[in-house]
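Shown below: entry-v3.pdb, with PDB, C-alpha atoms.
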```pdb
ATOM      1  CA  MET K 348      17.738 -13.446 -15.813
ATOM      2  CA  ARG K 349      20.552 -15.904 -15.302
ATOM      3  CA  ILE K 350      19.706 -19.613 -15.385
ATOM      4  CA  GLU K 351      20.455 -20.011 -11.658
ATOM      5  CA  GLU K 352      17.773 -17.391 -10.945
ATOM      6  CA  SER K 353      15.116 -18.837 -13.215
ATOM      7  CA  ASP K 354      13.397 -21.139 -10.707
ATOM      8  CA  MET K 355      11.756 -18.878  -8.161
ATOM      9  CA  ILE K 356       8.901 -19.430  -5.732
ATOM     10  CA  LEU K 357       6.074 -16.970  -5.170
ATOM     11  CA  LYS K 358       4.917 -16.794  -1.545
ATOM     12  CA  PRO K 359       1.555 -15.035  -1.187
ATOM     13  CA  ASP K 360       1.349 -12.216   1.341
ATOM     14  CA  LEU K 361      -2.148 -12.851   2.680
ATOM     15  CA  ASP K 362      -2.271  -9.348   4.177
ATOM     16  CA  THR K 363      -2.445  -8.017   0.598
ATOM     17  CA  TYR K 364      -5.520 -10.053  -0.379
ATOM     18  CA  GLN K 365      -8.315  -7.717  -1.356
ATOM     19  CA  ILE K 366     -11.539  -8.196  -3.272
ATOM     20  CA  LEU K 367     -11.621  -5.478  -5.910
ATOM     21  CA  PRO K 368     -14.629  -3.150  -5.931
ATOM     22  CA  TRP K 369     -15.903  -4.015  -9.383
ATOM     23  CA  ASP K 370     -17.318  -6.941 -11.253
ATOM     24  CA  VAL K 371     -17.547  -7.832 -14.905
ATOM     25  CA  ALA K 372     -20.388 -10.025 -16.116
ATOM     26  CA  ALA K 373     -21.255 -10.818 -12.481
ATOM     27  CA  GLU K 374     -17.743 -12.139 -11.784
ATOM     28  CA  ARG K 375     -15.770 -10.856  -8.802
ATOM     29  CA  PHE K 376     -12.045 -10.149  -8.897
ATOM     30  CA  ALA K 377      -9.381  -9.990  -6.212
ATOM     31  CA  ARG K 378      -5.712  -9.198  -5.973
ATOM     32  CA  LEU K 379      -2.947 -10.895  -4.023
ATOM     33  CA  ILE K 380       0.676  -9.736  -3.939
ATOM     34  CA  CYS K 381       3.487 -12.254  -3.576
ATOM     35  CA  ASP K 382       7.080 -12.187  -2.377
ATOM     36  CA  VAL K 383       9.706 -13.838  -4.575
ATOM     37  CA  HIS K 384      11.918 -16.477  -2.935
ATOM     38  CA  ARG K 385      14.725 -18.704  -4.108
ATOM     39  CA  PRO K 386      14.137 -22.476  -4.137
ATOM     40  CA  ASP K 387      16.010 -22.714  -0.795
ATOM     41  CA  GLY K 388      13.394 -20.421   0.803
ATOM     42  CA  LYS K 389      15.593 -17.321   1.075
ATOM     43  CA  PRO K 390      14.146 -14.046  -0.237
ATOM     44  CA  PHE K 391      15.274 -13.161  -3.760
ATOM     45  CA  GLU K 392      17.481 -10.057  -3.567
ATOM     46  CA  GLY K 393      16.012  -8.732  -6.830
ATOM     47  CA  ASP K 394      12.407  -8.747  -5.576
ATOM     48  CA  PRO K 395      11.304  -5.082  -5.320
ATOM     49  CA  ARG K 396       9.172  -5.845  -2.251
ATOM     50  CA  TYR K 397      12.194  -7.372  -0.506
ATOM     51  CA  VAL K 398      14.352  -4.379  -1.445
ATOM     52  CA  LEU K 399      11.722  -2.011  -0.045
ATOM     53  CA  LYS K 400      11.336  -4.006   3.183
ATOM     54  CA  ARG K 401      15.104  -3.901   3.733
ATOM     55  CA  ALA K 402      15.207  -0.143   3.065
ATOM     56  CA  ILE K 403      12.370   0.447   5.553
ATOM     57  CA  GLN K 404      14.195  -1.601   8.202
ATOM     58  CA  ALA K 405      17.488   0.243   7.584
ATOM     59  CA  ALA K 406      15.747   3.619   7.851
ATOM     60  CA  ALA K 407      13.967   2.574  11.058
ATOM     61  CA  LYS K 408      17.291   1.575  12.632
ATOM     62  CA  LYS K 409      18.482   5.149  12.010
ATOM     63  CA  GLY K 410      15.317   6.656  13.470
ATOM     64  CA  PHE K 411      13.612   7.473  10.180
ATOM     65  CA  MET K 412      10.145   6.547   8.990
ATOM     66  CA  MET K 413       9.682   5.955   5.283
ATOM     67  CA  ASN K 414       6.534   6.990   3.439
ATOM     68  CA  THR K 415       6.027   5.357   0.059
ATOM     69  CA  GLY K 416       3.403   5.234  -2.642
ATOM     70  CA  PRO K 417       2.865   3.495  -5.960
ATOM     71  CA  GLU K 418       3.989   4.925  -9.263
ATOM     72  CA  LEU K 419       1.526   3.849 -11.913
ATOM     73  CA  GLU K 420       2.743   3.517 -15.473
ATOM     74  CA  PHE K 421       0.469   2.885 -18.405
ATOM     75  CA  PHE K 422       0.197   3.220 -22.159
ATOM     76  CA  PHE K 423      -2.653   4.034 -24.513
ATOM     77  CA  PHE K 424      -3.168   1.866 -27.588
ATOM     78  CA  LYS K 425      -5.222   2.517 -30.690
ATOM     79  CA  ARG K 426      -8.238   0.466 -31.698
ATOM     80  CA  LYS K 427      -8.865  -0.863 -35.176
ATOM     81  CA  ASP K 428     -12.328  -2.032 -36.167
ATOM     82  CA  GLY K 429     -13.347  -1.959 -32.505
ATOM     83  CA  GLN K 430     -10.501  -4.230 -31.448
ATOM     84  CA  ALA K 431      -7.472  -3.356 -29.349
ATOM     85  CA  THR K 432      -4.133  -3.230 -31.150
ATOM     86  CA  LEU K 433      -0.502  -2.962 -30.095
ATOM     87  CA  ILE K 434      -0.162   0.370 -31.908
ATOM     88  CA  PRO K 435       0.610   3.116 -29.374
ATOM     89  CA  HIS K 436      -1.694   6.137 -29.303
ATOM     90  CA  ASP K 437       1.435   8.284 -29.322
ATOM     91  CA  PHE K 438       5.149   7.834 -28.802
ATOM     92  CA  GLY K 439       5.527   9.913 -25.633
ATOM     93  CA  GLY K 440       6.911   7.103 -23.484
ATOM     94  CA  TYR K 441       5.676   7.207 -19.903
ATOM     95  CA  PHE K 442       2.409   8.785 -18.756
TER      96      PHE K 442
END
```
Would you mind writing the structure in this file as C-alpha coordinates?
Amino acid sequence: MRIEESDMILKPDLDTYQILPWDVAAERFARLICDVHRPDGKPFEGDPRYVLKRAIQAAAKKGFMMNTGPELEFFFFKRKDGQATLIPHDFGGYF
(Lines of atoms letter the chains of each structure in order from A and count residues from 1; the text may use other names and numbers.)
(Lines give C-alpha, C1' and ligand atoms only; values in the text may rest on other atoms or scores of the structure.)
Protein backbone atom coordinates (compact mmCIF):
# COMPACT_ATOMS: atom_id res chain seq x y z
CA MET A 1 0.00 0.00 0.00
CA ARG A 2 1.23 3.48 -0.78
CA ILE A 3 2.14 5.74 2.14
CA GLU A 4 -0.82 8.06 1.44
CA GLU A 5 -3.15 5.07 1.90
CA SER A 6 -1.58 3.78 5.09
CA ASP A 7 -3.70 5.70 7.61
CA MET A 8 -7.21 4.32 7.30
CA ILE A 9 -10.17 4.33 9.66
CA LEU A 10 -12.36 1.32 10.35
CA LYS A 11 -16.04 2.20 10.82
CA PRO A 12 -18.02 -0.66 12.37
CA ASP A 13 -21.19 -1.72 10.59
CA LEU A 14 -23.38 -2.46 13.61
CA ASP A 15 -25.81 -4.44 11.45
CA THR A 16 -23.07 -7.09 11.12
CA TYR A 17 -22.62 -7.59 14.87
CA GLN A 18 -23.39 -11.18 15.76
CA ILE A 19 -22.63 -13.32 18.78
CA LEU A 20 -21.12 -16.53 17.44
CA PRO A 21 -22.81 -19.80 18.41
CA TRP A 22 -19.90 -21.34 20.27
CA ASP A 23 -17.83 -20.73 23.33
CA VAL A 24 -14.38 -21.80 24.40
CA ALA A 25 -13.60 -22.18 28.08
CA ALA A 26 -16.89 -20.43 28.91
CA GLU A 27 -15.93 -17.35 26.87
CA ARG A 28 -18.32 -15.97 24.25
CA PHE A 29 -17.19 -14.63 20.89
CA ALA A 30 -18.74 -12.19 18.43
CA ARG A 31 -17.95 -10.79 15.03
CA LEU A 32 -18.25 -7.27 13.69
CA ILE A 33 -17.46 -6.23 10.12
CA CYS A 34 -16.08 -2.77 9.39
CA ASP A 35 -15.96 -0.45 6.40
CA VAL A 36 -12.61 1.14 5.53
CA HIS A 37 -12.54 4.94 5.22
CA ARG A 38 -9.88 7.50 4.46
CA PRO A 39 -8.92 9.97 7.22
CA ASP A 40 -11.19 12.57 5.57
CA GLY A 41 -14.19 10.25 6.09
CA LYS A 42 -14.63 9.21 2.45
CA PRO A 43 -14.93 5.48 1.74
CA PHE A 44 -11.67 3.85 0.64
CA GLU A 45 -12.03 2.78 -3.00
CA GLY A 46 -10.01 -0.39 -2.34
CA ASP A 47 -12.34 -1.67 0.40
CA PRO A 48 -14.04 -4.82 -0.97
CA ARG A 49 -17.27 -4.00 0.89
CA TYR A 50 -17.35 -0.55 -0.74
CA VAL A 51 -16.69 -2.07 -4.17
CA LEU A 52 -19.53 -4.54 -3.65
CA LYS A 53 -21.94 -1.84 -2.44
CA ARG A 54 -21.20 0.25 -5.54
CA ALA A 55 -21.70 -2.76 -7.83
CA ILE A 56 -25.05 -3.55 -6.18
CA GLN A 57 -26.18 0.06 -6.63
CA ALA A 58 -25.08 0.12 -10.29
CA ALA A 59 -26.92 -3.14 -10.99
CA ALA A 60 -30.06 -1.87 -9.25
CA LYS A 61 -30.05 1.27 -11.42
CA LYS A 62 -30.17 -1.03 -14.47
CA GLY A 63 -32.99 -3.12 -13.01
CA PHE A 64 -30.87 -6.05 -11.85
CA MET A 65 -30.70 -7.67 -8.44
CA MET A 66 -27.37 -9.10 -7.37
CA ASN A 67 -27.10 -12.29 -5.33
CA THR A 68 -23.76 -12.84 -3.63
CA GLY A 69 -22.20 -15.29 -1.22
CA PRO A 70 -18.90 -15.75 0.57
CA GLU A 71 -16.00 -17.68 -0.88
CA LEU A 72 -14.14 -19.32 1.97
CA GLU A 73 -10.45 -20.03 1.54
CA PHE A 74 -8.41 -22.02 4.00
CA PHE A 75 -5.26 -24.06 4.36
CA PHE A 76 -4.36 -27.16 6.34
CA PHE A 77 -1.14 -27.19 8.35
CA LYS A 78 0.74 -30.09 9.87
CA ARG A 79 1.24 -30.57 13.59
CA LYS A 80 4.54 -31.44 15.22
CA ASP A 81 4.61 -32.79 18.76
CA GLY A 82 0.97 -31.75 19.18
CA GLN A 83 1.67 -28.15 18.20
CA ALA A 84 0.55 -26.32 15.08
CA THR A 85 3.25 -25.50 12.54
CA LEU A 86 3.45 -23.37 9.41
CA ILE A 87 4.18 -26.45 7.29
CA PRO A 88 1.35 -26.96 4.78
CA HIS A 89 -0.40 -30.33 4.76
CA ASP A 90 0.03 -30.32 0.99
CA PHE A 91 0.95 -27.86 -1.72
CA GLY A 92 -2.37 -27.80 -3.57
CA GLY A 93 -2.98 -24.07 -3.17
CA TYR A 94 -6.62 -23.20 -2.59
CA PHE A 95 -9.22 -25.53 -1.07
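Between atom CA of Ala377 of chain K and atom CA of Asp362 of chain K lies a distance of 12.6 Å.
Each of K:Lys358, K:Gly410, K:Glu418, K:Phe376 was compared to Tyr397 of chain K using only C-alpha atoms, and K:Lys358 turns out to be the nearest.
With atom CA of Lys427 of chain K on one side and atom CA of Trp369 of chain K on the other, the separation reads 26.9 Å.
Every polymer residue reaching to within 12 Å of (12.7, -10.1, -3.4), counting all atoms listed in the file, appears in this list: Glu352, Met355, Ile356, Leu357, Lys358, Cys381, Asp382, Val383, His384, Arg385, Gly388, Lys389, Pro390, Phe391, Glu392, Gly393, Asp394, Pro395, Arg396, Tyr397, Val398, Leu399, Lys400 and Arg401 of chain K.
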Write the residues of the preceding selection, restricted to C-alpha atoms, as a tab-separated table (two decimals), in the frame of the given file.
```tsv
chain	number	residue	atom	x	y	z
K	352	GLU	CA	17.77	-17.39	-10.94
K	355	MET	CA	11.76	-18.88	-8.16
K	356	ILE	CA	8.90	-19.43	-5.73
K	357	LEU	CA	6.07	-16.97	-5.17
K	358	LYS	CA	4.92	-16.79	-1.54
K	381	CYS	CA	3.49	-12.25	-3.58
K	382	ASP	CA	7.08	-12.19	-2.38
K	383	VAL	CA	9.71	-13.84	-4.58
K	384	HIS	CA	11.92	-16.48	-2.94
K	385	ARG	CA	14.72	-18.70	-4.11
K	388	GLY	CA	13.39	-20.42	0.80
K	389	LYS	CA	15.59	-17.32	1.08
K	390	PRO	CA	14.15	-14.05	-0.24
K	391	PHE	CA	15.27	-13.16	-3.76
K	392	GLU	CA	17.48	-10.06	-3.57
K	393	GLY	CA	16.01	-8.73	-6.83
K	394	ASP	CA	12.41	-8.75	-5.58
K	395	PRO	CA	11.30	-5.08	-5.32
K	396	ARG	CA	9.17	-5.84	-2.25
K	397	TYR	CA	12.19	-7.37	-0.51
K	398	VAL	CA	14.35	-4.38	-1.44
K	399	LEU	CA	11.72	-2.01	-0.04
K	400	LYS	CA	11.34	-4.01	3.18
K	401	ARG	CA	15.10	-3.90	3.73
```
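Taking atom CA of Leu361 of chain K and atom CA of Lys409 of chain K as the two end points, the separation is 28.9 Å.
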- Task: Identify, on the basis of only C-alpha atoms, every residue whose closest approach to Leu367 of chain K does not exceed 12 Å; exclude the query and any residue fewer than 3 positions from it along the same chain; express the result as a PyMOL selection string.
- Result: chain K and resi 363-364+370-371+374-379
Can you write just those residues out, C-alpha atoms, as a JSON list (two decimals), in the frame of the given file?
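The resulting file, selection-v3.json, is reproduced below:
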```json
[["chain", "number", "residue", "atom", "x", "y", "z"],
["K", 363, "THR", "CA", -2.44, -8.02, 0.60],
["K", 364, "TYR", "CA", -5.52, -10.05, -0.38],
["K", 370, "ASP", "CA", -17.32, -6.94, -11.25],
["K", 371, "VAL", "CA", -17.55, -7.83, -14.90],
["K", 374, "GLU", "CA", -17.74, -12.14, -11.78],
["K", 375, "ARG", "CA", -15.77, -10.86, -8.80],
["K", 376, "PHE", "CA", -12.04, -10.15, -8.90],
["K", 377, "ALA", "CA", -9.38, -9.99, -6.21],
["K", 378, "ARG", "CA", -5.71, -9.20, -5.97],
["K", 379, "LEU", "CA", -2.95, -10.90, -4.02]]
```
- Item | Phe423 of chain K surroundings by all atoms listed in the file, 8 Å radius, close-in-sequence under 5 positions cut, as a list of chain:residue names | K:Pro435, K:His436, K:Asp437
- Using only C-alpha atoms, determine which residues lie at most 9 Å from Ile434 of chain K, disregarding the query and same-chain residues fewer than 5 positions distant; provide the list as a ChimeraX atom specification. /K:423-426
Enclose segment 365-368 of chain K, meaning all of its atoms listed in the file, in a box aligned along x, y and z, pad it by 6 Å on each side, and list the centre and edge lengths in Å to one decimal, as lines of an AutoDock Vina configuration file.
```
center_x = -11.5
center_y = -5.7
center_z = -3.6
size_x = 18.3
size_y = 17.0
size_z = 16.6
```
Please rebuild segment 361-388 of chain K with N, CA and C atoms and return the result as a PDB file, in the frame of the given file.
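Output file rebuild-v4.pdb is given in full below:
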```pdb
ATOM      1  N   LEU K 361      -0.698 -12.839   2.476  1.00  0.00           N
ATOM      2  CA  LEU K 361      -2.148 -12.851   2.680  1.00  0.00           C
ATOM      3  C   LEU K 361      -2.683 -11.520   3.173  1.00  0.00           C
ATOM      4  N   ASP K 362      -1.829 -10.684   3.749  1.00  0.00           N
ATOM      5  CA  ASP K 362      -2.271  -9.348   4.177  1.00  0.00           C
ATOM      6  C   ASP K 362      -2.606  -8.459   2.986  1.00  0.00           C
ATOM      7  N   THR K 363      -2.172  -8.829   1.785  1.00  0.00           N
ATOM      8  CA  THR K 363      -2.445  -8.017   0.598  1.00  0.00           C
ATOM      9  C   THR K 363      -3.698  -8.474  -0.150  1.00  0.00           C
ATOM     10  N   TYR K 364      -4.319  -9.558   0.303  1.00  0.00           N
ATOM     11  CA  TYR K 364      -5.520 -10.053  -0.379  1.00  0.00           C
ATOM     12  C   TYR K 364      -6.633  -9.033  -0.240  1.00  0.00           C
ATOM     13  N   GLN K 365      -7.221  -8.682  -1.377  1.00  0.00           N
ATOM     14  CA  GLN K 365      -8.315  -7.717  -1.356  1.00  0.00           C
ATOM     15  C   GLN K 365      -9.257  -8.004  -2.513  1.00  0.00           C
ATOM     16  N   ILE K 366     -10.535  -8.077  -2.208  1.00  0.00           N
ATOM     17  CA  ILE K 366     -11.539  -8.196  -3.272  1.00  0.00           C
ATOM     18  C   ILE K 366     -11.675  -6.821  -3.895  1.00  0.00           C
ATOM     19  N   LEU K 367     -11.562  -6.753  -5.198  1.00  0.00           N
ATOM     20  CA  LEU K 367     -11.621  -5.478  -5.910  1.00  0.00           C
ATOM     21  C   LEU K 367     -13.070  -5.008  -6.024  1.00  0.00           C
ATOM     22  N   PRO K 368     -13.265  -3.702  -6.021  1.00  0.00           N
ATOM     23  CA  PRO K 368     -14.629  -3.150  -5.931  1.00  0.00           C
ATOM     24  C   PRO K 368     -15.379  -3.088  -7.261  1.00  0.00           C
ATOM     25  N   TRP K 369     -15.138  -3.999  -8.143  1.00  0.00           N
ATOM     26  CA  TRP K 369     -15.903  -4.015  -9.383  1.00  0.00           C
ATOM     27  C   TRP K 369     -16.128  -5.460  -9.809  1.00  0.00           C
ATOM     28  N   ASP K 370     -17.095  -5.619 -10.680  1.00  0.00           N
ATOM     29  CA  ASP K 370     -17.318  -6.941 -11.253  1.00  0.00           C
ATOM     30  C   ASP K 370     -17.612  -6.779 -12.729  1.00  0.00           C
ATOM     31  N   VAL K 371     -17.316  -7.804 -13.472  1.00  0.00           N
ATOM     32  CA  VAL K 371     -17.547  -7.832 -14.905  1.00  0.00           C
ATOM     33  C   VAL K 371     -18.356  -9.087 -15.189  1.00  0.00           C
ATOM     34  N   ALA K 372     -19.498  -8.905 -15.793  1.00  0.00           N
ATOM     35  CA  ALA K 372     -20.388 -10.025 -16.116  1.00  0.00           C
ATOM     36  C   ALA K 372     -20.660 -10.866 -14.870  1.00  0.00           C
ATOM     37  N   ALA K 373     -20.919 -10.187 -13.755  1.00  0.00           N
ATOM     38  CA  ALA K 373     -21.255 -10.818 -12.481  1.00  0.00           C
ATOM     39  C   ALA K 373     -20.121 -11.670 -11.910  1.00  0.00           C
ATOM     40  N   GLU K 374     -18.895 -11.446 -12.351  1.00  0.00           N
ATOM     41  CA  GLU K 374     -17.743 -12.139 -11.784  1.00  0.00           C
ATOM     42  C   GLU K 374     -17.000 -11.178 -10.871  1.00  0.00           C
ATOM     43  N   ARG K 375     -16.528 -11.665  -9.750  1.00  0.00           N
ATOM     44  CA  ARG K 375     -15.770 -10.856  -8.802  1.00  0.00           C
ATOM     45  C   ARG K 375     -14.278 -11.089  -9.036  1.00  0.00           C
ATOM     46  N   PHE K 376     -13.489 -10.079  -8.714  1.00  0.00           N
ATOM     47  CA  PHE K 376     -12.045 -10.149  -8.897  1.00  0.00           C
ATOM     48  C   PHE K 376     -11.350  -9.764  -7.596  1.00  0.00           C
ATOM     49  N   ALA K 377     -10.173 -10.311  -7.393  1.00  0.00           N
ATOM     50  CA  ALA K 377      -9.381  -9.990  -6.212  1.00  0.00           C
ATOM     51  C   ALA K 377      -7.926  -9.863  -6.628  1.00  0.00           C
ATOM     52  N   ARG K 378      -7.137  -9.289  -5.710  1.00  0.00           N
ATOM     53  CA  ARG K 378      -5.712  -9.198  -5.973  1.00  0.00           C
ATOM     54  C   ARG K 378      -4.980  -9.782  -4.777  1.00  0.00           C
ATOM     55  N   LEU K 379      -3.800 -10.313  -5.042  1.00  0.00           N
ATOM     56  CA  LEU K 379      -2.947 -10.895  -4.023  1.00  0.00           C
ATOM     57  C   LEU K 379      -1.515 -10.652  -4.462  1.00  0.00           C
ATOM     58  N   ILE K 380      -0.712 -10.041  -3.602  1.00  0.00           N
ATOM     59  CA  ILE K 380       0.676  -9.736  -3.939  1.00  0.00           C
ATOM     60  C   ILE K 380       1.568 -10.803  -3.307  1.00  0.00           C
ATOM     61  N   CYS K 381       2.593 -11.201  -4.041  1.00  0.00           N
ATOM     62  CA  CYS K 381       3.487 -12.254  -3.576  1.00  0.00           C
ATOM     63  C   CYS K 381       4.910 -11.731  -3.387  1.00  0.00           C
ATOM     64  N   ASP K 382       5.648 -12.400  -2.519  1.00  0.00           N
ATOM     65  CA  ASP K 382       7.080 -12.187  -2.377  1.00  0.00           C
ATOM     66  C   ASP K 382       7.793 -13.254  -3.185  1.00  0.00           C
ATOM     67  N   VAL K 383       8.936 -12.897  -3.759  1.00  0.00           N
ATOM     68  CA  VAL K 383       9.706 -13.838  -4.575  1.00  0.00           C
ATOM     69  C   VAL K 383      10.825 -14.431  -3.716  1.00  0.00           C
ATOM     70  N   HIS K 384      10.901 -15.765  -3.706  1.00  0.00           N
ATOM     71  CA  HIS K 384      11.918 -16.477  -2.935  1.00  0.00           C
ATOM     72  C   HIS K 384      12.698 -17.424  -3.836  1.00  0.00           C
ATOM     73  N   ARG K 385      13.901 -17.704  -3.427  1.00  0.00           N
ATOM     74  CA  ARG K 385      14.725 -18.704  -4.108  1.00  0.00           C
ATOM     75  C   ARG K 385      14.202 -20.085  -3.722  1.00  0.00           C
ATOM     76  N   PRO K 386      14.594 -21.118  -4.473  1.00  0.00           N
ATOM     77  CA  PRO K 386      14.137 -22.476  -4.137  1.00  0.00           C
ATOM     78  C   PRO K 386      14.524 -22.923  -2.717  1.00  0.00           C
ATOM     79  N   ASP K 387      15.608 -22.346  -2.156  1.00  0.00           N
ATOM     80  CA  ASP K 387      16.010 -22.714  -0.795  1.00  0.00           C
ATOM     81  C   ASP K 387      15.212 -21.973   0.276  1.00  0.00           C
ATOM     82  N   GLY K 388      14.250 -21.129  -0.137  1.00  0.00           N
ATOM     83  CA  GLY K 388      13.394 -20.421   0.803  1.00  0.00           C
ATOM     84  C   GLY K 388      13.869 -19.026   1.161  1.00  0.00           C
TER      85      GLY K 388
END
```
